[in-house]
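Colleague: Below is data.tsv; it holds TSV, C-alpha atoms.
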```
chain	number	residue	atom	x	y	z
O	1	MET	CA	0.00	0.00	0.00
O	2	GLU	CA	1.35	3.40	-0.98
O	3	ASN	CA	1.98	5.65	2.01
O	4	LEU	CA	0.68	9.14	1.16
O	5	ASP	CA	1.29	12.22	3.28
O	6	ILE	CA	-2.35	12.64	4.33
O	7	VAL	CA	-3.62	14.94	7.07
O	8	ILE	CA	-7.10	14.32	8.49
O	9	GLU	CA	-8.65	17.61	9.47
O	10	PRO	CA	-12.09	18.85	10.51
O	11	ILE	CA	-14.18	20.63	7.91
O	12	THR	CA	-14.73	24.20	9.08
O	13	LYS	CA	-15.88	27.52	7.66
O	14	SER	CA	-12.32	28.30	6.59
O	15	ASN	CA	-11.83	25.15	4.48
O	16	TYR	CA	-15.42	24.44	3.48
O	17	HIS	CA	-14.87	25.72	-0.07
O	18	MET	CA	-12.28	22.94	-0.51
O	19	PHE	CA	-14.76	20.38	0.83
O	20	ASP	CA	-17.32	21.70	-1.67
O	21	ASP	CA	-14.72	21.24	-4.43
O	22	MET	CA	-14.43	17.60	-3.39
O	23	VAL	CA	-18.21	17.10	-3.40
O	24	TYR	CA	-18.23	18.52	-6.92
O	25	TRP	CA	-15.51	16.01	-7.83
O	26	ARG	CA	-17.62	13.17	-6.46
O	27	THR	CA	-20.85	14.20	-8.17
O	28	LYS	CA	-19.38	15.27	-11.53
O	29	GLY	CA	-16.60	12.68	-11.78
O	30	ALA	CA	-13.97	15.36	-12.43
O	31	GLU	CA	-12.28	18.02	-10.38
O	32	ARG	CA	-12.98	21.72	-10.81
O	33	THR	CA	-10.41	23.75	-12.69
O	34	GLU	CA	-8.14	26.04	-10.68
O	35	GLU	CA	-10.18	29.00	-11.93
O	36	GLU	CA	-13.40	27.36	-10.72
O	37	LYS	CA	-11.78	26.57	-7.37
O	38	ASN	CA	-10.72	30.19	-6.98
O	39	ARG	CA	-14.25	31.42	-7.74
O	40	ASN	CA	-15.65	28.87	-5.28
O	41	LYS	CA	-13.68	30.53	-2.45
O	42	ASP	CA	-16.07	33.50	-2.68
O	43	VAL	CA	-19.32	31.51	-2.54
O	44	ASN	CA	-21.59	32.09	0.46
O	45	PHE	CA	-21.91	28.73	2.23
O	46	GLU	CA	-23.97	29.98	5.22
O	47	GLU	CA	-26.50	27.15	4.92
O	48	ALA	CA	-23.71	24.56	5.06
O	49	PHE	CA	-22.04	26.42	7.92
O	50	SER	CA	-25.24	26.10	9.97
O	51	GLN	CA	-25.15	22.33	9.41
O	52	LEU	CA	-21.54	22.13	10.57
O	53	GLU	CA	-22.57	23.77	13.87
O	54	HIS	CA	-24.97	20.98	14.88
O	55	GLN	CA	-23.90	19.37	18.12
O	56	GLY	CA	-22.78	15.79	17.59
O	57	PHE	CA	-22.11	16.24	13.85
O	58	TYR	CA	-18.54	15.76	12.65
O	59	VAL	CA	-17.05	16.07	9.19
O	60	PHE	CA	-13.40	15.35	8.44
O	61	GLY	CA	-11.48	15.56	5.20
O	62	ALA	CA	-8.33	13.80	4.04
O	63	LEU	CA	-6.01	16.57	2.89
O	64	TYR	CA	-3.36	15.73	0.29
O	65	GLU	CA	-1.23	18.25	-1.56
O	66	GLY	CA	-3.56	21.16	-0.85
O	67	ARG	CA	-6.87	19.49	-1.68
O	68	PHE	CA	-9.27	17.10	-0.02
O	69	VAL	CA	-9.31	13.61	-1.52
O	70	GLY	CA	-11.72	11.91	0.90
O	71	TRP	CA	-14.18	12.59	3.70
O	72	ILE	CA	-16.09	11.03	6.53
O	73	MET	CA	-19.31	12.30	8.15
O	74	LEU	CA	-20.07	11.11	11.66
O	75	ILE	CA	-23.06	11.60	13.93
O	76	TYR	CA	-23.26	11.05	17.66
O	77	ILE	CA	-26.59	9.35	18.39
O	78	PRO	CA	-27.58	9.41	22.06
O	79	LYS	CA	-29.09	6.26	23.57
O	80	VAL	CA	-31.11	5.90	26.77
O	81	GLY	CA	-32.67	3.01	28.60
O	82	LYS	CA	-30.39	0.02	29.02
O	83	TRP	CA	-27.57	1.71	27.05
O	84	ASN	CA	-27.27	5.21	28.59
O	85	ARG	CA	-24.38	5.89	26.22
O	86	GLY	CA	-24.57	6.79	22.57
O	87	ILE	CA	-23.06	5.46	19.37
O	88	ILE	CA	-21.08	7.04	16.56
O	89	PHE	CA	-22.82	6.51	13.26
O	90	VAL	CA	-20.81	6.74	10.05
O	91	GLU	CA	-23.19	8.58	7.76
O	92	GLU	CA	-20.88	8.74	4.78
O	93	LEU	CA	-17.33	7.88	3.77
O	94	TRP	CA	-15.85	8.62	0.37
O	95	THR	CA	-12.42	8.59	-1.21
O	96	ALA	CA	-11.63	9.85	-4.71
O	97	PRO	CA	-11.25	6.87	-7.04
O	98	LYS	CA	-7.58	7.45	-7.87
O	99	PHE	CA	-6.81	7.61	-4.13
O	100	ARG	CA	-8.52	4.35	-3.15
O	101	ARG	CA	-6.51	1.44	-1.73
O	102	LYS	CA	-3.93	3.82	-0.31
O	103	GLY	CA	-5.04	3.72	3.34
O	104	ILE	CA	-7.05	6.95	3.28
O	105	ALA	CA	-10.39	5.36	4.17
O	106	ILE	CA	-8.72	3.50	7.03
O	107	ARG	CA	-7.31	6.79	8.33
O	108	LEU	CA	-10.78	8.33	8.11
O	109	MET	CA	-12.31	5.38	9.98
O	110	GLU	CA	-9.65	5.82	12.68
O	111	LYS	CA	-11.15	9.27	13.18
O	112	ALA	CA	-14.52	7.63	13.87
O	113	TYR	CA	-12.91	5.58	16.65
O	114	GLU	CA	-11.24	8.71	18.07
O	115	ILE	CA	-14.62	10.44	18.23
O	116	GLN	CA	-16.08	7.31	19.82
O	117	LYS	CA	-13.52	7.57	22.62
O	118	GLU	CA	-13.94	11.34	22.98
O	119	THR	CA	-17.72	11.04	23.35
O	120	GLY	CA	-17.73	7.89	25.48
O	121	SER	CA	-19.85	6.13	22.86
O	122	THR	CA	-20.29	2.38	23.09
O	123	LYS	CA	-19.59	1.60	19.42
O	124	VAL	CA	-19.21	2.76	15.84
O	125	ARG	CA	-22.05	1.76	13.53
O	126	LEU	CA	-22.77	2.07	9.82
O	127	TYR	CA	-24.90	0.57	7.10
O	128	THR	CA	-23.60	-0.32	3.65
O	129	ASP	CA	-24.62	-2.28	0.60
O	130	ASN	CA	-21.23	-1.72	-1.03
O	131	ILE	CA	-19.43	-5.09	-0.87
O	132	PRO	CA	-15.90	-3.73	-1.49
O	133	ALA	CA	-16.53	-1.13	1.21
O	134	GLN	CA	-17.79	-3.85	3.55
O	135	LYS	CA	-14.41	-5.56	3.31
O	136	LEU	CA	-12.72	-2.25	4.19
O	137	TYR	CA	-14.97	-1.80	7.22
O	138	GLU	CA	-14.20	-5.32	8.39
O	139	LYS	CA	-10.49	-4.43	8.22
O	140	CYS	CA	-11.34	-1.46	10.44
O	141	GLY	CA	-12.84	-3.67	13.15
O	142	LEU	CA	-16.52	-3.68	12.24
O	143	LYS	CA	-18.44	-6.88	11.68
O	144	VAL	CA	-21.75	-7.85	10.15
O	145	ILE	CA	-24.19	-8.50	12.98
O	146	GLY	CA	-27.40	-8.94	11.03
O	147	GLU	CA	-29.34	-7.97	7.95
O	148	ALA	CA	-31.44	-4.85	7.72
O	149	VAL	CA	-33.65	-3.11	5.22
O	150	PHE	CA	-32.69	0.48	4.50
O	151	MET	CA	-35.73	2.75	4.60
O	152	GLU	CA	-36.24	6.49	4.48
O	153	SER	CA	-38.99	8.95	3.74
O	154	ASN	CA	-39.39	10.24	0.22
O	155	ASN	CA	-39.98	13.79	1.40
O	156	ASN	CA	-37.59	16.41	0.10
```
Could you render the structure as structure tokens?

Modeller:
Amino acid sequence: MENLDIVIEPITKSNYHMFDDMVYWRTKGAERTEEEKNRNKDVNFEEAFSQLEHQGFYVFGALYEGRFVGWIMLIYIPKVGKWNRGIIFVEELWTAPKFRRKGIAIRLMEKAYEIQKETGSTKVRLYTDNIPAQKLYEKCGLKVIGEAVFMESNNN
């Protein structure tokens, strides 16, 4: 496995434009041009900033050579009753295709375990139907404990 000089850092107001560049990369399949990236620095991201401020919501990016090449979104979900301690839910994990199989996703998952410790959560949990990703998550210490049906509302 190639060892890249990756820094995992929180997504904040100051670097959000770079995160947005990465989301563009994911959705369009190609990176923005330098000119587009420069214009993106001036975009008003207030709506996104309000999301970043939610308690228990964490977003981290994998920074490589001045750009983000992967991210992880985590949510602390409180639990009561017999548990009395919450869980860290991995909402999303993505690595740019040309940066896969280089240890970046593992580094991002390590961040999930750090947040688990920081919050006193009992476990890290996620749902996936991506078989290659499932193998990655197993390498990171997760295991399949049952089958579930993924459901959500169709409201926008």

Colleague: Please measure the separation of atom CA of Pro10 of chain O and atom CA of Lys135 of chain O, giving the value in Å to one decimal.

Modeller: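 Between atom CA of Pro10 of chain O and atom CA of Lys135 of chain O the gap is 25.6 Å.
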
Colleague: When you count all atoms listed in the file, which of these residues is closest to Arg125 of chain O: O:Phe150, O:Trp83, O:Phe89, O:Tyr113?

Modeller: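 Ranked by minimum distance to Arg125 of chain O, first place goes to O:Phe89.
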
Colleague: If we count all atoms listed in the file and set the cut-off at 7 Å, which residues sit around Tyr64 of chain O, ignoring sequence neighbours fewer than 5 positions away in its own chain? Please answer as a ChimeraX atom specification.

Modeller: /O:5-7,69

Colleague: Can you list, as a PyMOL selection string, every protein, DNA or RNA residue that comes within 12 Å of Met109 of chain O when you count all atoms listed in the file, leaving out same-chain residues fewer than 4 positions away?

Modeller: chain O and resi 8+59-62+70-74+88-95+103-105+113-116+124-126+133+136-142

Colleague: So that I can check the surroundings of Asn84 of chain O, please list as a PDB file with C-alpha atoms, keeping the file's coordinate frame every protein, DNA and RNA residue that reaches within 12 Å of it, counting only C-alpha atoms and ignoring chain neighbours fewer than 6 positions away.

Modeller:
```pdb
ATOM      1  CA  ILE O  77     -26.590   9.350  18.390  1.00  0.00           C
ATOM      2  CA  PRO O  78     -27.580   9.410  22.060  1.00  0.00           C
ATOM      3  CA  GLY O 120     -17.730   7.890  25.480  1.00  0.00           C
ATOM      4  CA  SER O 121     -19.850   6.130  22.860  1.00  0.00           C
ATOM      5  CA  THR O 122     -20.290   2.380  23.090  1.00  0.00           C
TER       6      THR O 122
END
```

Colleague: Given the choices O:Tyr76, O:Asp20, O:Pro132, O:Glu46, which gets closest to Glu118 of chain O if the distance is worked out from only C-alpha atoms?

Modeller: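 Of O:Tyr76, O:Asp20, O:Pro132, O:Glu46, the one nearest Glu118 of chain O, counting only C-alpha atoms, is O:Tyr76.
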
Colleague: Have a look at O:Asn130, O:Asn15, O:Asn155, O:Thr119 and name the one nearest to Phe49 of chain O; count only C-alpha atoms.

Modeller: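 So, comparing all the options, the nearest one is O:Asn15.
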
Colleague: Between O:Lys117, O:His54, O:Arg67, O:Lys111, which has the minimum distance to Arg85 of chain O (counting all atoms listed in the file)?

Modeller: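 Among O:Lys117, O:His54, O:Arg67, O:Lys111, it is O:Lys117 that comes nearest to Arg85 of chain O.
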
Colleague: Which residue gives the smallest distance to Glu47 of chain O among O:Arg26, O:Lys79, O:Lys13, O:Arg107, with all atoms listed in the file counted?

Modeller: O:Lys13

Colleague: Using all atoms listed in the file, which residue out of O:Leu63, O:Leu52, O:Ile145, O:Ile131 lies closest to Met18 of chain O?

Modeller: O:Leu63

Colleague: Could you work out how far atom CA of Gln55 of chain O lies from atom CA of Thr27 of chain O, giving the answer in Å with one decimal?

Modeller: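 The value is 27.0 Å.
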
Colleague: Provide the atom CA of Ile106 of chain O to atom CA of Lys143 of chain O distance in Å, to one decimal place.

Modeller: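 Here the two named atoms are 15.0 Å from each other.
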
Colleague: Which residues, written as a short mmCIF file (atom, residue, chain, number, x, y, z; two decimals) with C-alpha atoms, in the frame of the given file, have at least one atom at most 12 Å from Glu31 of chain O, with only C-alpha atoms counted and residues fewer than 2 positions away on the same chain left out?

Modeller:
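This went into selection.cif:
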```cif
data_model
loop_
_atom_site.label_atom_id
_atom_site.label_comp_id
_atom_site.auth_asym_id
_atom_site.auth_seq_id
_atom_site.Cartn_x
_atom_site.Cartn_y
_atom_site.Cartn_z
CA MET O 18 -12.28 22.94 -0.51
CA PHE O 19 -14.76 20.38 0.83
CA ASP O 20 -17.32 21.70 -1.67
CA ASP O 21 -14.72 21.24 -4.43
CA MET O 22 -14.43 17.60 -3.39
CA VAL O 23 -18.21 17.10 -3.40
CA TYR O 24 -18.23 18.52 -6.92
CA TRP O 25 -15.51 16.01 -7.83
CA ARG O 26 -17.62 13.17 -6.46
CA THR O 27 -20.85 14.20 -8.17
CA LYS O 28 -19.38 15.27 -11.53
CA GLY O 29 -16.60 12.68 -11.78
CA THR O 33 -10.41 23.75 -12.69
CA GLU O 34 -8.14 26.04 -10.68
CA GLU O 35 -10.18 29.00 -11.93
CA GLU O 36 -13.40 27.36 -10.72
CA LYS O 37 -11.78 26.57 -7.37
CA ARG O 67 -6.87 19.49 -1.68
CA PHE O 68 -9.27 17.10 -0.02
CA VAL O 69 -9.31 13.61 -1.52
CA ALA O 96 -11.63 9.85 -4.71
CA PRO O 97 -11.25 6.87 -7.04
CA LYS O 98 -7.58 7.45 -7.87
#
```
